[in-house]
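Enquirer: For reference, the file structure30.csv (CSV, C-alpha atoms and all ligand atoms) is included below:
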```csv
chain,number,residue,atom,x,y,z
Q,39,MET,CA,14.9,-7.6,4.3
Q,40,SER,CA,17.9,-5.6,5.2
Q,41,ALA,CA,17.6,-3.3,8.2
Q,42,LEU,CA,17.0,0.3,7.2
Q,43,ARG,CA,18.5,2.9,9.5
Q,44,ALA,CA,18.7,6.7,9.5
Q,45,VAL,CA,21.9,7.6,7.7
Q,46,PRO,CA,24.0,10.6,8.9
Q,47,ILE,CA,24.5,13.3,6.3
Q,48,PRO,CA,28.1,13.4,5.1
Q,49,GLU,CA,29.8,16.5,6.6
Q,50,GLU,CA,30.6,18.1,3.3
Q,51,ALA,CA,27.1,18.0,1.9
Q,52,PRO,CA,25.4,21.3,2.3
Q,53,LYS,CA,22.0,20.9,3.9
Q,54,PRO,CA,19.1,22.4,1.9
Q,55,GLN,CA,17.0,25.1,3.5
Q,56,THR,CA,13.9,24.0,5.2
Q,57,TYR,CA,10.4,25.2,5.9
Q,58,THR,CA,8.0,23.7,8.5
Q,59,ALA,CA,4.8,21.7,8.0
Q,60,LYS,CA,2.2,20.5,10.4
Q,61,ALA,CA,1.9,16.7,10.7
Q,62,TYR,CA,0.7,13.9,12.9
Q,63,ALA,CA,3.2,11.4,14.3
Q,64,ALA,CA,3.6,8.4,16.6
Q,65,GLN,CA,6.2,9.1,19.3
Q,66,SER,CA,6.6,5.5,20.4
Q,67,PRO,CA,5.1,2.1,19.7
Q,68,THR,CA,2.4,2.6,22.3
Q,69,SER,CA,1.6,6.3,22.0
Q,70,SER,CA,-1.4,7.7,20.1
Q,71,MET,CA,-0.9,9.7,17.0
Q,72,ALA,CA,-0.6,13.4,17.8
Q,73,ALA,CA,0.2,16.8,16.2
Q,74,ILE,CA,3.8,17.7,15.5
Q,75,THR,CA,5.8,20.1,13.3
Q,76,ILE,CA,8.3,18.7,10.9
Q,77,PRO,CA,10.9,20.2,8.6
Q,78,ARG,CA,10.6,19.8,4.8
Q,79,ARG,CA,13.4,20.8,2.4
Q,80,THR,CA,12.7,23.7,0.1
Q,81,PRO,CA,12.5,22.3,-3.5
Q,82,GLN,CA,15.8,21.3,-5.0
Q,83,PRO,CA,16.2,21.6,-8.8
Q,84,LYS,CA,14.3,18.3,-9.5
Q,85,ASP,CA,11.9,18.5,-6.6
Q,86,VAL,CA,8.1,19.1,-6.6
Q,87,GLN,CA,6.5,20.6,-3.5
Q,88,ILE,CA,3.0,19.2,-3.1
Q,89,GLU,CA,0.2,20.5,-0.9
Q,90,ILE,CA,-1.4,17.3,0.3
Q,91,LEU,CA,-5.2,17.2,-0.1
Q,92,TYR,CA,-5.9,13.5,0.8
Q,93,CYS,CA,-3.9,10.7,2.4
Q,94,GLY,CA,-5.1,7.1,2.6
Q,95,VAL,CA,-4.6,5.1,5.8
Q,96,CYS,CA,-2.9,1.8,5.0
Q,97,HIS,CA,-2.5,-1.0,7.5
Q,98,THR,CA,1.2,-0.7,7.0
Q,99,ASP,CA,1.0,2.8,8.6
Q,100,LEU,CA,-0.3,1.0,11.7
Q,101,HIS,CA,2.4,-1.7,11.5
Q,102,PHE,CA,5.1,1.1,11.4
Q,103,ALA,CA,3.5,3.2,14.1
Q,104,HIS,CA,3.5,0.2,16.4
Q,105,ASN,CA,7.0,-0.9,15.4
Q,106,ASP,CA,5.6,-4.3,14.2
Q,107,PHE,CA,8.6,-4.8,11.9
Q,108,ALA,CA,11.2,-4.2,14.6
Q,109,ASN,CA,13.2,-7.2,13.4
Q,110,SER,CA,13.5,-6.1,9.8
Q,111,ILE,CA,12.7,-2.4,9.4
Q,112,PRO,CA,12.6,-0.9,12.9
Q,113,THR,CA,10.6,2.3,13.3
Q,114,THR,CA,12.5,5.5,14.1
Q,115,TYR,CA,10.4,7.9,16.1
Q,116,PRO,CA,8.7,10.3,15.7
Q,117,CYS,CA,7.1,8.4,12.8
Q,118,VAL,CA,4.8,10.4,10.4
Q,119,PRO,CA,3.1,7.6,8.4
Q,120,GLY,CA,1.1,8.0,5.1
Q,121,HIS,CA,2.0,6.8,1.6
Q,122,GLU,CA,-1.2,7.2,-0.3
Q,123,ILE,CA,-0.8,10.8,-1.1
Q,124,VAL,CA,-2.8,13.0,-3.5
Q,125,GLY,CA,-2.3,16.7,-3.8
Q,126,ARG,CA,-1.6,19.8,-5.8
Q,127,VAL,CA,1.8,21.1,-7.0
Q,128,VAL,CA,2.6,24.4,-5.3
Q,129,LYS,CA,6.3,24.8,-6.1
Q,130,THR,CA,8.8,23.2,-8.5
Q,131,GLY,CA,12.6,23.2,-8.8
Q,132,ASN,CA,14.1,24.8,-11.9
Q,133,ALA,CA,15.0,21.5,-13.5
Q,134,VAL,CA,11.5,19.9,-13.2
Q,135,THR,CA,9.9,19.0,-16.5
Q,136,LYS,CA,6.9,16.8,-15.7
Q,137,PHE,CA,4.9,19.1,-13.4
Q,138,ARG,CA,3.8,22.7,-13.2
Q,139,ASN,CA,2.2,24.7,-10.3
Q,140,GLY,CA,-1.4,23.8,-10.0
Q,141,ASP,CA,-1.1,20.2,-11.4
Q,142,LEU,CA,-2.5,17.3,-9.5
Q,143,ALA,CA,0.2,15.0,-8.2
Q,144,ALA,CA,0.5,11.8,-6.3
Q,145,VAL,CA,3.1,10.0,-4.2
Q,146,GLY,CA,3.1,6.3,-3.2
Q,147,CYS,CA,5.4,4.3,-1.0
Q,148,MET,CA,8.8,5.3,-2.4
Q,149,VAL,CA,10.4,8.7,-2.8
Q,150,ASP,CA,13.8,7.6,-4.2
Q,151,SER,CA,16.1,4.7,-5.0
Q,152,ASP,CA,19.7,4.3,-6.0
Q,153,ARG,CA,18.6,4.3,-9.7
Q,154,THR,CA,21.6,2.3,-10.8
Q,155,CYS,CA,21.0,-1.3,-9.8
Q,156,GLU,CA,19.5,-3.9,-12.1
Q,157,SER,CA,16.0,-3.5,-10.6
Q,158,CYS,CA,16.0,0.3,-10.9
Q,159,ARG,CA,17.3,0.1,-14.5
Q,160,GLU,CA,14.4,-2.3,-15.2
Q,161,GLY,CA,11.8,0.1,-13.7
Q,162,GLU,CA,11.3,-2.1,-10.6
Q,163,GLU,CA,12.6,0.5,-8.1
Q,164,GLN,CA,10.6,-1.2,-5.4
Q,165,TYR,CA,13.1,-4.0,-5.4
Q,166,CYS,CA,16.1,-1.6,-5.5
Q,167,ALA,CA,19.2,-3.5,-4.3
Q,168,SER,CA,20.0,-0.6,-1.9
Q,169,MET,CA,16.4,-0.6,-0.7
Q,170,PRO,CA,14.1,2.1,-2.1
Q,171,VAL,CA,13.8,5.2,0.1
Q,172,LEU,CA,10.4,4.7,1.7
Q,173,THR,CA,8.1,7.7,1.8
Q,174,TYR,CA,8.3,7.5,5.6
Q,175,ASN,CA,10.8,5.8,8.0
Q,176,GLY,CA,13.4,5.7,5.1
Q,177,PRO,CA,16.8,7.4,5.4
Q,178,ASP,CA,16.4,11.0,4.4
Q,179,LYS,CA,19.5,11.8,2.3
Q,180,HIS,CA,18.7,15.5,2.2
Q,181,LEU,CA,18.0,16.4,5.8
Q,182,GLY,CA,19.4,13.4,7.7
Q,183,GLY,CA,17.2,11.3,10.0
Q,184,VAL,CA,14.2,9.6,8.4
Q,185,THR,CA,11.6,10.6,5.8
Q,186,TYR,CA,8.2,11.8,6.9
Q,187,GLY,CA,5.0,10.7,5.2
Q,188,GLY,CA,1.7,12.0,4.1
Q,189,TYR,CA,-0.1,12.7,7.4
Q,190,SER,CA,1.2,16.2,6.8
Q,191,GLN,CA,0.3,19.4,5.1
Q,192,SER,CA,2.9,19.1,2.3
Q,193,VAL,CA,5.7,16.9,0.9
Q,194,VAL,CA,8.7,17.5,-1.3
Q,195,VAL,CA,9.7,14.7,-3.7
Q,196,ASP,CA,11.9,14.3,-6.7
Q,197,GLU,CA,9.7,14.4,-9.8
Q,198,ASP,CA,10.9,11.0,-10.9
Q,199,PHE,CA,8.9,9.5,-8.0
Q,200,VAL,CA,5.8,11.7,-8.5
Q,201,LEU,CA,2.8,10.4,-10.4
Q,202,HIS,CA,0.1,12.0,-12.5
Q,203,VAL,CA,-3.5,11.5,-11.3
Q,204,PRO,CA,-6.2,11.1,-14.1
Q,205,LYS,CA,-8.4,14.1,-14.0
Q,206,ASN,CA,-11.7,12.2,-14.1
Q,207,LEU,CA,-11.1,10.4,-10.8
Q,208,ASN,CA,-12.5,11.5,-7.5
Q,209,LEU,CA,-9.3,12.6,-5.7
Q,210,ALA,CA,-10.0,11.3,-2.2
Q,211,ALA,CA,-11.1,7.9,-3.6
Q,212,ALA,CA,-8.0,7.8,-5.8
Q,213,ALA,CA,-5.5,8.3,-2.9
Q,214,PRO,CA,-5.6,4.6,-1.9
Q,215,LEU,CA,-4.6,3.5,-5.4
Q,216,LEU,CA,-1.1,4.7,-4.6
Q,217,CYS,CA,-0.5,1.8,-2.3
Q,218,ALA,CA,-3.5,-0.6,-2.0
Q,219,GLY,CA,-4.1,-0.1,-5.8
Q,220,ILE,CA,-0.6,-0.9,-7.1
Q,221,THR,CA,0.0,-3.6,-4.5
Q,222,THR,CA,-3.0,-5.6,-5.9
Q,223,TYR,CA,-2.7,-4.6,-9.5
Q,224,ALA,CA,0.9,-5.6,-9.9
Q,225,PRO,CA,0.7,-9.3,-8.9
Q,226,LEU,CA,-2.6,-9.8,-10.8
Q,227,ARG,CA,-1.0,-8.4,-13.9
Q,228,ARG,CA,2.2,-10.4,-13.4
Q,229,ALA,CA,0.0,-13.6,-13.1
Q,230,LYS,CA,-1.6,-12.4,-16.4
Q,231,ILE,CA,-5.1,-12.7,-15.0
Q,232,ARG,CA,-7.6,-12.8,-17.8
Q,233,ALA,CA,-11.2,-13.7,-18.5
Q,234,GLY,CA,-12.3,-17.1,-17.4
Q,235,GLN,CA,-9.7,-17.6,-14.7
Q,236,LYS,CA,-10.8,-18.2,-11.1
Q,237,VAL,CA,-9.1,-15.7,-8.7
Q,238,GLY,CA,-9.4,-15.6,-4.9
Q,239,ILE,CA,-9.0,-12.5,-2.8
Q,240,VAL,CA,-8.3,-13.3,0.9
Q,241,GLY,CA,-9.4,-10.5,3.3
Q,242,LEU,CA,-11.8,-7.7,2.4
Q,243,GLY,CA,-10.0,-4.7,3.7
Q,244,GLY,CA,-8.2,-1.8,2.0
Q,245,LEU,CA,-6.0,-4.0,-0.3
Q,246,GLY,CA,-8.6,-6.7,-0.7
Q,247,HIS,CA,-11.5,-4.6,-1.9
Q,248,ILE,CA,-9.4,-2.9,-4.6
Q,249,GLY,CA,-8.0,-6.4,-5.5
Q,250,VAL,CA,-11.6,-7.5,-6.1
Q,251,LYS,CA,-12.2,-4.5,-8.4
Q,252,PHE,CA,-9.1,-5.2,-10.5
Q,253,ALA,CA,-9.6,-9.0,-10.7
Q,254,ALA,CA,-13.2,-8.3,-11.9
Q,255,ALA,CA,-12.0,-5.7,-14.4
Q,256,PHE,CA,-9.5,-8.2,-15.8
Q,257,GLY,CA,-12.5,-10.5,-16.4
Q,258,ALA,CA,-11.8,-13.1,-13.7
Q,259,ASN,CA,-14.3,-15.2,-11.8
Q,260,VAL,CA,-13.7,-13.6,-8.4
Q,261,VAL,CA,-14.2,-15.3,-5.0
Q,262,VAL,CA,-13.7,-13.4,-1.8
Q,263,PHE,CA,-12.5,-15.2,1.3
Q,264,THR,CA,-13.6,-13.3,4.4
Q,265,THR,CA,-13.7,-13.9,8.2
Q,266,SER,CA,-16.5,-11.2,8.4
Q,267,ALA,CA,-19.9,-12.6,7.6
Q,268,ASN,CA,-21.3,-9.0,7.4
Q,269,LYS,CA,-19.1,-8.2,4.4
Q,270,THR,CA,-20.8,-10.6,2.0
Q,271,ALA,CA,-23.2,-8.1,0.3
Q,272,ASP,CA,-20.4,-5.5,-0.1
Q,273,ALA,CA,-18.1,-8.1,-1.7
Q,274,ILE,CA,-20.7,-8.9,-4.3
Q,275,ARG,CA,-21.3,-5.2,-4.9
Q,276,LEU,CA,-17.6,-4.6,-5.3
Q,277,GLY,CA,-17.4,-7.2,-8.1
Q,278,ALA,CA,-17.1,-10.7,-6.4
Q,279,HIS,CA,-19.0,-13.5,-8.0
Q,280,GLU,CA,-18.9,-15.6,-4.8
Q,281,VAL,CA,-18.1,-15.1,-1.1
Q,282,VAL,CA,-16.6,-17.8,1.1
Q,283,ASN,CA,-16.6,-17.8,4.9
Q,284,SER,CA,-12.9,-18.8,5.4
Q,285,LYS,CA,-13.7,-20.2,8.9
Q,286,ASN,CA,-16.1,-22.7,7.4
Q,287,ASP,CA,-14.1,-25.8,6.3
Q,288,ALA,CA,-17.0,-27.3,4.2
Q,289,GLU,CA,-17.4,-24.0,2.3
Q,290,MET,CA,-13.7,-23.9,1.7
Q,291,GLN,CA,-13.5,-27.6,0.6
Q,292,LYS,CA,-16.1,-27.0,-2.2
Q,293,HIS,CA,-13.4,-25.0,-4.0
Q,294,ALA,CA,-10.6,-27.5,-3.7
Q,295,GLY,CA,-8.2,-27.5,-6.7
Q,296,THR,CA,-10.0,-24.8,-8.7
Q,297,PHE,CA,-8.1,-21.6,-8.4
Q,298,HIS,CA,-5.5,-20.2,-10.9
Q,299,PHE,CA,-4.4,-17.5,-8.4
Q,300,ILE,CA,-5.2,-16.5,-4.9
Q,301,LEU,CA,-4.1,-13.1,-3.5
Q,302,ASP,CA,-3.7,-13.1,0.3
Q,303,THR,CA,-3.9,-9.6,1.9
Q,304,VAL,CA,-4.1,-10.7,5.6
Q,305,PRO,CA,-2.0,-8.6,7.9
Q,306,VAL,CA,-1.5,-11.1,10.8
Q,307,GLN,CA,-0.3,-14.6,11.2
Q,308,HIS,CA,-2.9,-17.1,9.8
Q,309,ASN,CA,-3.1,-20.5,8.2
Q,310,ILE,CA,-2.2,-20.4,4.4
Q,311,ASN,CA,-2.3,-24.1,3.9
Q,312,PRO,CA,-6.1,-24.3,3.2
Q,313,TYR,CA,-5.6,-21.8,0.4
Q,314,ILE,CA,-2.8,-23.9,-1.2
Q,315,ASN,CA,-5.3,-26.7,-1.2
Q,316,LEU,CA,-7.7,-24.6,-3.3
Q,317,LEU,CA,-5.2,-24.0,-6.1
Q,318,LYS,CA,-5.2,-25.9,-9.4
Q,319,ARG,CA,-2.1,-27.6,-10.6
Q,320,ASP,CA,0.5,-24.9,-11.2
Q,321,GLY,CA,-1.6,-22.3,-9.4
Q,322,THR,CA,-0.1,-19.6,-7.3
Q,323,LEU,CA,-0.8,-18.2,-3.8
Q,324,GLY,CA,0.4,-14.6,-4.0
Q,325,LEU,CA,1.2,-13.0,-0.6
Q,326,VAL,CA,1.0,-9.3,-0.2
Q,327,GLY,CA,-0.2,-9.0,3.4
Q,328,ALA,CA,2.8,-8.5,5.7
Q,329,PRO,CA,2.4,-10.4,9.0
Q,330,ALA,CA,5.3,-9.8,11.2
Q,331,GLU,CA,5.4,-13.5,12.3
Q,332,PRO,CA,6.4,-16.5,10.1
Q,333,LEU,CA,3.6,-18.5,8.5
Q,334,PRO,CA,3.7,-22.3,8.9
Q,335,LEU,CA,3.9,-24.2,5.5
Q,336,GLU,CA,2.8,-27.8,4.8
Q,337,VAL,CA,5.3,-28.5,2.0
Q,338,PHE,CA,3.3,-31.5,0.6
Q,339,GLY,CA,0.5,-29.1,-0.3
Q,340,LEU,CA,2.9,-27.5,-2.8
Q,341,LEU,CA,4.5,-30.7,-4.1
Q,342,PHE,CA,1.3,-32.3,-5.1
Q,343,GLY,CA,0.2,-30.0,-7.9
Q,344,ARG,CA,3.5,-28.2,-8.5
Q,345,LYS,CA,2.0,-25.1,-6.9
Q,346,HIS,CA,3.7,-21.8,-6.2
Q,347,ILE,CA,3.9,-19.3,-3.4
Q,348,SER,CA,5.0,-15.8,-4.4
Q,349,GLY,CA,5.2,-12.4,-2.7
Q,350,SER,CA,5.4,-8.9,-4.0
Q,351,ILE,CA,5.6,-5.3,-2.7
Q,352,ILE,CA,3.9,-2.4,-4.4
Q,353,GLY,CA,5.1,-1.8,-8.0
Q,354,GLY,CA,7.6,0.3,-9.9
Q,355,ILE,CA,6.9,3.9,-10.8
Q,356,ARG,CA,6.2,3.0,-14.5
Q,357,GLU,CA,3.7,0.4,-13.5
Q,358,THR,CA,2.1,2.6,-10.9
Q,359,GLN,CA,1.4,5.2,-13.6
Q,360,GLU,CA,0.1,2.4,-15.8
Q,361,MET,CA,-2.2,1.4,-13.0
Q,362,LEU,CA,-3.5,5.0,-12.4
Q,363,ASP,CA,-4.1,5.4,-16.1
Q,364,PHE,CA,-6.0,2.0,-16.1
Q,365,CYS,CA,-8.1,3.3,-13.2
Q,366,GLY,CA,-8.8,6.5,-15.1
Q,367,GLU,CA,-10.0,4.6,-18.2
Q,368,HIS,CA,-12.1,2.1,-16.2
Q,369,ASN,CA,-13.1,4.4,-13.4
Q,370,VAL,CA,-11.6,2.3,-10.6
Q,371,THR,CA,-11.2,3.9,-7.2
Q,372,ALA,CA,-11.4,2.9,-3.6
Q,373,ASP,CA,-14.6,2.9,-1.5
Q,374,VAL,CA,-13.5,5.4,1.2
Q,375,GLU,CA,-14.6,6.6,4.6
Q,376,MET,CA,-13.4,10.2,5.0
Q,377,ILE,CA,-11.9,11.2,8.4
Q,378,GLY,CA,-10.3,14.3,9.8
Q,379,ILE,CA,-6.7,13.8,11.0
Q,380,GLN,CA,-8.1,14.1,14.6
Q,381,GLN,CA,-9.9,10.7,14.1
Q,382,ILE,CA,-6.8,8.8,13.1
Q,383,ASN,CA,-6.5,7.0,16.4
Q,384,GLN,CA,-10.1,5.7,16.2
Q,385,ALA,CA,-9.4,4.7,12.6
Q,386,TYR,CA,-6.4,2.6,13.7
Q,387,ASP,CA,-8.6,0.9,16.4
Q,388,ARG,CA,-11.2,0.1,13.8
Q,389,LEU,CA,-8.5,-1.3,11.4
Q,390,LEU,CA,-7.4,-3.7,14.1
Q,391,LYS,CA,-11.0,-4.9,14.4
Q,392,ASN,CA,-11.4,-5.4,10.6
Q,393,ASP,CA,-14.0,-2.6,10.7
Q,394,VAL,CA,-13.1,-0.7,7.6
Q,395,LYS,CA,-15.3,0.1,4.6
Q,396,TYR,CA,-13.0,-0.1,2.9
Q,397,ARG,CA,-10.3,2.5,3.2
Q,398,PHE,CA,-10.0,5.4,5.6
Q,399,VAL,CA,-8.8,8.6,3.8
Q,400,ILE,CA,-7.7,11.7,5.7
Q,401,ASP,CA,-9.0,15.0,4.5
Q,402,MET,CA,-5.9,17.1,5.0
Q,403,ALA,CA,-7.9,20.3,5.2
Q,404,SER,CA,-8.5,19.1,8.8
Q,405,LEU,CA,-4.9,19.7,9.7
Q,406,LYS,CA,-5.1,23.3,10.5
Q,501,LIG,N1,3.1,-6.1,-0.1
Q,501,LIG,C1,2.9,-4.8,-0.1
Q,501,LIG,O1,3.4,-4.0,-0.9
Q,501,LIG,C2,1.9,-4.2,0.8
Q,501,LIG,C3,1.3,-2.9,0.5
Q,501,LIG,C4,0.4,-2.4,1.4
Q,501,LIG,C5,0.0,-3.2,2.5
Q,501,LIG,N2,0.6,-4.3,2.7
Q,501,LIG,C6,0.2,-5.2,3.9
Q,501,LIG,O2,-1.0,-5.8,3.6
Q,501,LIG,C7,-1.8,-6.1,4.8
Q,501,LIG,C8,-3.2,-5.6,4.6
Q,501,LIG,O3,-3.3,-4.2,4.5
Q,501,LIG,P1,-4.7,-3.5,4.4
Q,501,LIG,O4,-4.4,-2.0,4.4
Q,501,LIG,O5,-5.5,-4.1,3.3
Q,501,LIG,O6,-5.3,-3.9,5.8
Q,501,LIG,P2,-6.8,-3.9,6.3
Q,501,LIG,O7,-7.6,-2.8,5.6
Q,501,LIG,O8,-6.8,-3.9,7.8
Q,501,LIG,O9,-7.5,-5.3,5.7
Q,501,LIG,C9,-7.0,-6.5,6.2
Q,501,LIG,C10,-8.1,-7.6,6.1
Q,501,LIG,O10,-7.5,-8.8,6.4
Q,501,LIG,C11,-8.5,-9.7,7.0
Q,501,LIG,N3,-8.0,-10.1,8.3
Q,501,LIG,C12,-7.6,-9.4,9.4
Q,501,LIG,N4,-7.3,-10.2,10.4
Q,501,LIG,C13,-7.4,-11.5,10.0
Q,501,LIG,C14,-7.2,-12.8,10.5
Q,501,LIG,N5,-6.8,-12.9,11.8
Q,501,LIG,N6,-7.5,-13.9,9.8
Q,501,LIG,C15,-7.9,-13.8,8.5
Q,501,LIG,N7,-8.2,-12.6,7.9
Q,501,LIG,C16,-7.9,-11.5,8.6
Q,501,LIG,C17,-9.7,-8.8,7.3
Q,501,LIG,O11,-10.7,-9.0,6.2
Q,501,LIG,P3,-12.0,-9.9,6.4
Q,501,LIG,O12,-12.8,-9.1,7.5
Q,501,LIG,O13,-12.6,-9.9,5.1
Q,501,LIG,O14,-11.6,-11.3,6.9
Q,501,LIG,C18,-9.2,-7.4,7.1
Q,501,LIG,O15,-10.2,-6.4,6.8
Q,501,LIG,C19,-1.0,-5.4,5.9
Q,501,LIG,O16,-0.1,-6.3,6.5
Q,501,LIG,C20,-0.1,-4.4,5.1
Q,501,LIG,O17,1.0,-4.0,5.8
Q,501,LIG,C21,1.5,-4.9,1.9
Q,502,ZN,ZN,0.5,0.8,2.1
Q,503,ZN,ZN,18.3,0.4,-7.3
```
What would you get if you wrote out this structure as structure tokens?
Ligand SMILES: NC(=O)c1ccc[n+]([C@@H]2O[C@H](COP(=O)([O-])OP(=O)(O)OC[C@H]3O[C@@H](n4cnc5c(N)ncnc54)[C@H](OP(=O)(O)O)[C@@H]3O)[C@@H](O)[C@H]2O)c1
Ligand SMILES: [Zn+2]
Ligand SMILES: [Zn+2]

Expert:
Amino acid sequence: MSALRAVPIPEEAPKPQTYTAKAYAAQSPTSSMAAITIPRRTPQPKDVQIEILYCGVCHTDLHFAHNDFANSIPTTYPCVPGHEIVGRVVKTGNAVTKFRNGDLAAVGCMVDSDRTCESCREGEEQYCASMPVLTYNGPDKHLGGVTYGGYSQSVVVDEDFVLHVPKNLNLAAAAPLLCAGITTYAPLRRAKIRAGQKVGIVGLGGLGHIGVKFAAAFGANVVVFTTSANKTADAIRLGAHEVVNSKNDAEMQKHAGTFHFILDTVPVQHNINPYINLLKRDGTLGLVGAPAEPLPLEVFGLLFGRKHISGSIIGGIRETQEMLDFCGEHNVTADVEMIGIQQINQAYDRLLKNDVKYRFVIDMASLK
């Protein structure tokens, strides 16, 4: 990954006017999240200003707040995380065509990209050759410095990076779809998961629990691998057909050579080799968790069976809308625990202890 740094605004570019919004930020890798006031640009011709109603709490927020990715994408402080944003449009620029005041609107992990590279032209903006502009900690080409995310009263985003939320979905429970949802939907779709295939989901957290719902909705035989014995009943309720304690070698071994696809959502260094052993010939271990440390690989595990390891990040704007529409049709949302923004530090502590059922969502009305 190329290093992302705040870019200075060119001298000649006039800075847009700004207004202020309340937000919560980390001021350093070790500080707690605390209240702050941030500038937002007033909507430019193609911009949509969204009053944020709900914002999901992704483990990536915690990685960035703690500067876990110092070697690849260092955090610029203050850091206002949050990229699972659902809200209502309150202002639009005069060239906006897709949104009107009062519409529901959502924003995920990206707010812009170069729009010209091969990936952007193919609708895969998340793989933009110039790096997509992340919703937070990305270079803000309008105001300079870095972008600020959804732990905030409002956000201003080019309409090309704003999504429509199906009206039938519970809004708070839909917020996590904007990251956890698309991150699990995209690799399962790309692997063409269908009825009869055996799919594993490693880690029953925010990503994992939505991954279970999608894999089950696509008709797969779903097995959850967990380190938390107390999550078994929930895994079954969420749609898993079987639950394996990943710390128990005998339980793991029973599934050797049987999986078409295994989606690994674990956020820390762990041993992936036992999962490669569980794949069928030509099976794939898809990594979406983002441990900061390298993962040791036993190459022979891949050679015998022509197996694959793949990785992916989120999804493009077109696919994110497709995922939201799928969720609208099939009534897929996250299982959420609502918090006020004042509880964000306790929520981070609980995420670090795998104690999440199964996504914290901040009710932004709490940010007064
Ligand atoms: N690729 C992408 O585009 C993308 C997008 C979003 C997030 N991410 C990354 O995906 C990861 C997961 O995010 P999340 O929000 O789902 O996190 P989360 O809610 O904290 O869930 C992670 C789960 O992983 C399992 N786990 C934790 N520590 C483990 C360990 N030492 N060994 C084995 N399993 C462990 C736990 O499940 P059990 O209790 O069931 O074991 C935990 O609940 C993070 O690294 C995040 O940055 C990547
Ligand atoms: Zn995320
Ligand atoms: Zn691009």

Enquirer: Give me, as an MDAnalysis selection string, all polymer residues having an atom no more than 9 Å from Val282 of chain Q, counting only C-alpha atoms and skipping those fewer than 2 positions away in the same chain.

Expert: chainID Q and resid 261:265 267 270 280 284:286 289:290

Enquirer: Quick one: of Q:Ser151, Q:Gln235, Q:Gln87, Q:Gln164, who's nearest to ligand LIG 501 (chain Q), counting all atoms listed in the file?

Expert: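 Counting all atoms listed in the file, the residue closest to ligand LIG 501 (chain Q) is Q:Gln164.
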
Enquirer: Neighbours of segment 207-214 of chain Q within 6 Å (only C-alpha atoms; same-chain residues fewer than 3 positions away dropped), as a ChimeraX atom specification?

Expert: /Q:92,94,122-124,204,217-218,371-372,374

Enquirer: Determine, counting all atoms listed in the file, which protein, DNA and RNA residues have an atom within 12 Å of an atom of Gly257 of chain Q; residues of the same chain fewer than 3 positions away are not included. Present the result as JSON, numbers by chain.

Expert: {"Q": [226, 227, 230, 231, 232, 233, 234, 235, 236, 237, 250, 251, 252, 253, 254, 260, 277, 278, 279]}

Enquirer: May I have a table of the residues of chain Q lying at most 6 Å from ligand LIG 501 (chain Q), giving each one's closest pair of atoms and their distance in Å to one decimal, counting only C-alpha atoms and all ligand atoms, ordered by chain and ascending residue number, as a Markdown table?

Expert:
```
| residue | atom | partner | partner_atom | distance |
| --- | --- | --- | --- | --- |
| Q:Cys96 | CA | Q:LIG501 | O4 | 4.1 |
| Q:His97 | CA | Q:LIG501 | O4 | 3.8 |
| Q:Thr98 | CA | Q:LIG501 | O17 | 3.5 |
| Q:Cys217 | CA | Q:LIG501 | C4 | 5.7 |
| Q:Ala218 | CA | Q:LIG501 | C4 | 5.5 |
| Q:Thr221 | CA | Q:LIG501 | O1 | 5.0 |
| Q:Gly241 | CA | Q:LIG501 | O11 | 3.5 |
| Q:Leu242 | CA | Q:LIG501 | O13 | 3.6 |
| Q:Gly243 | CA | Q:LIG501 | O9 | 3.3 |
| Q:Gly244 | CA | Q:LIG501 | O5 | 3.8 |
| Q:Leu245 | CA | Q:LIG501 | O5 | 3.6 |
| Q:Gly246 | CA | Q:LIG501 | O5 | 5.7 |
| Q:Thr264 | CA | Q:LIG501 | O13 | 3.6 |
| Q:Thr265 | CA | Q:LIG501 | O14 | 3.6 |
| Q:Ser266 | CA | Q:LIG501 | O12 | 4.3 |
| Q:Thr303 | CA | Q:LIG501 | C8 | 4.9 |
| Q:Val304 | CA | Q:LIG501 | O10 | 4.0 |
| Q:Pro305 | CA | Q:LIG501 | O16 | 3.3 |
| Q:Val306 | CA | Q:LIG501 | N5 | 5.7 |
| Q:His308 | CA | Q:LIG501 | N6 | 5.6 |
| Q:Val326 | CA | Q:LIG501 | N1 | 3.8 |
| Q:Gly327 | CA | Q:LIG501 | O2 | 3.3 |
| Q:Ala328 | CA | Q:LIG501 | O16 | 3.7 |
| Q:Pro329 | CA | Q:LIG501 | O16 | 5.4 |
| Q:Ser350 | CA | Q:LIG501 | N1 | 5.3 |
| Q:Ile351 | CA | Q:LIG501 | O1 | 3.1 |
| Q:Ile352 | CA | Q:LIG501 | O1 | 3.9 |
| Q:Leu389 | CA | Q:LIG501 | O8 | 4.8 |
| Q:Asn392 | CA | Q:LIG501 | O15 | 4.1 |
```

Enquirer: Using only C-alpha atoms, pick whichever of Q:Thr58, Q:Ser192, Q:Asn315, Q:Asn283 has the shortest atom-to-atom distance to Met402 of chain Q.

Expert: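 For Met402 of chain Q, the nearest of the given residues is Q:Ser192.
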
Enquirer: So which residues touch Asn105 of chain Q within 12 Å, counting only C-alpha atoms, skipping near sequence neighbours fewer than 4 positions away, as a count of residues only?

Expert: 22

Enquirer: Which one of Q:Lys136, Q:His346, Q:Arg319, Q:Arg126 sits closest to Ala229 of chain Q if you count only C-alpha atoms?

Expert: Q:His346

Enquirer: Nearest to ligand ZN 502 (chain Q) among Q:Gln384, Q:Thr185, Q:Ser190, Q:Thr173, with distances taken over all atoms listed in the file: which residue is it?

Expert: Q:Thr173

Enquirer: Given the choices Q:Ala108, Q:Val193, Q:Leu172, Q:Ile248, which gets closest to Cys365 of chain Q if the distance is worked out from all atoms listed in the file?

Expert: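 Smallest separation from Cys365 of chain Q among the options: Q:Ile248.
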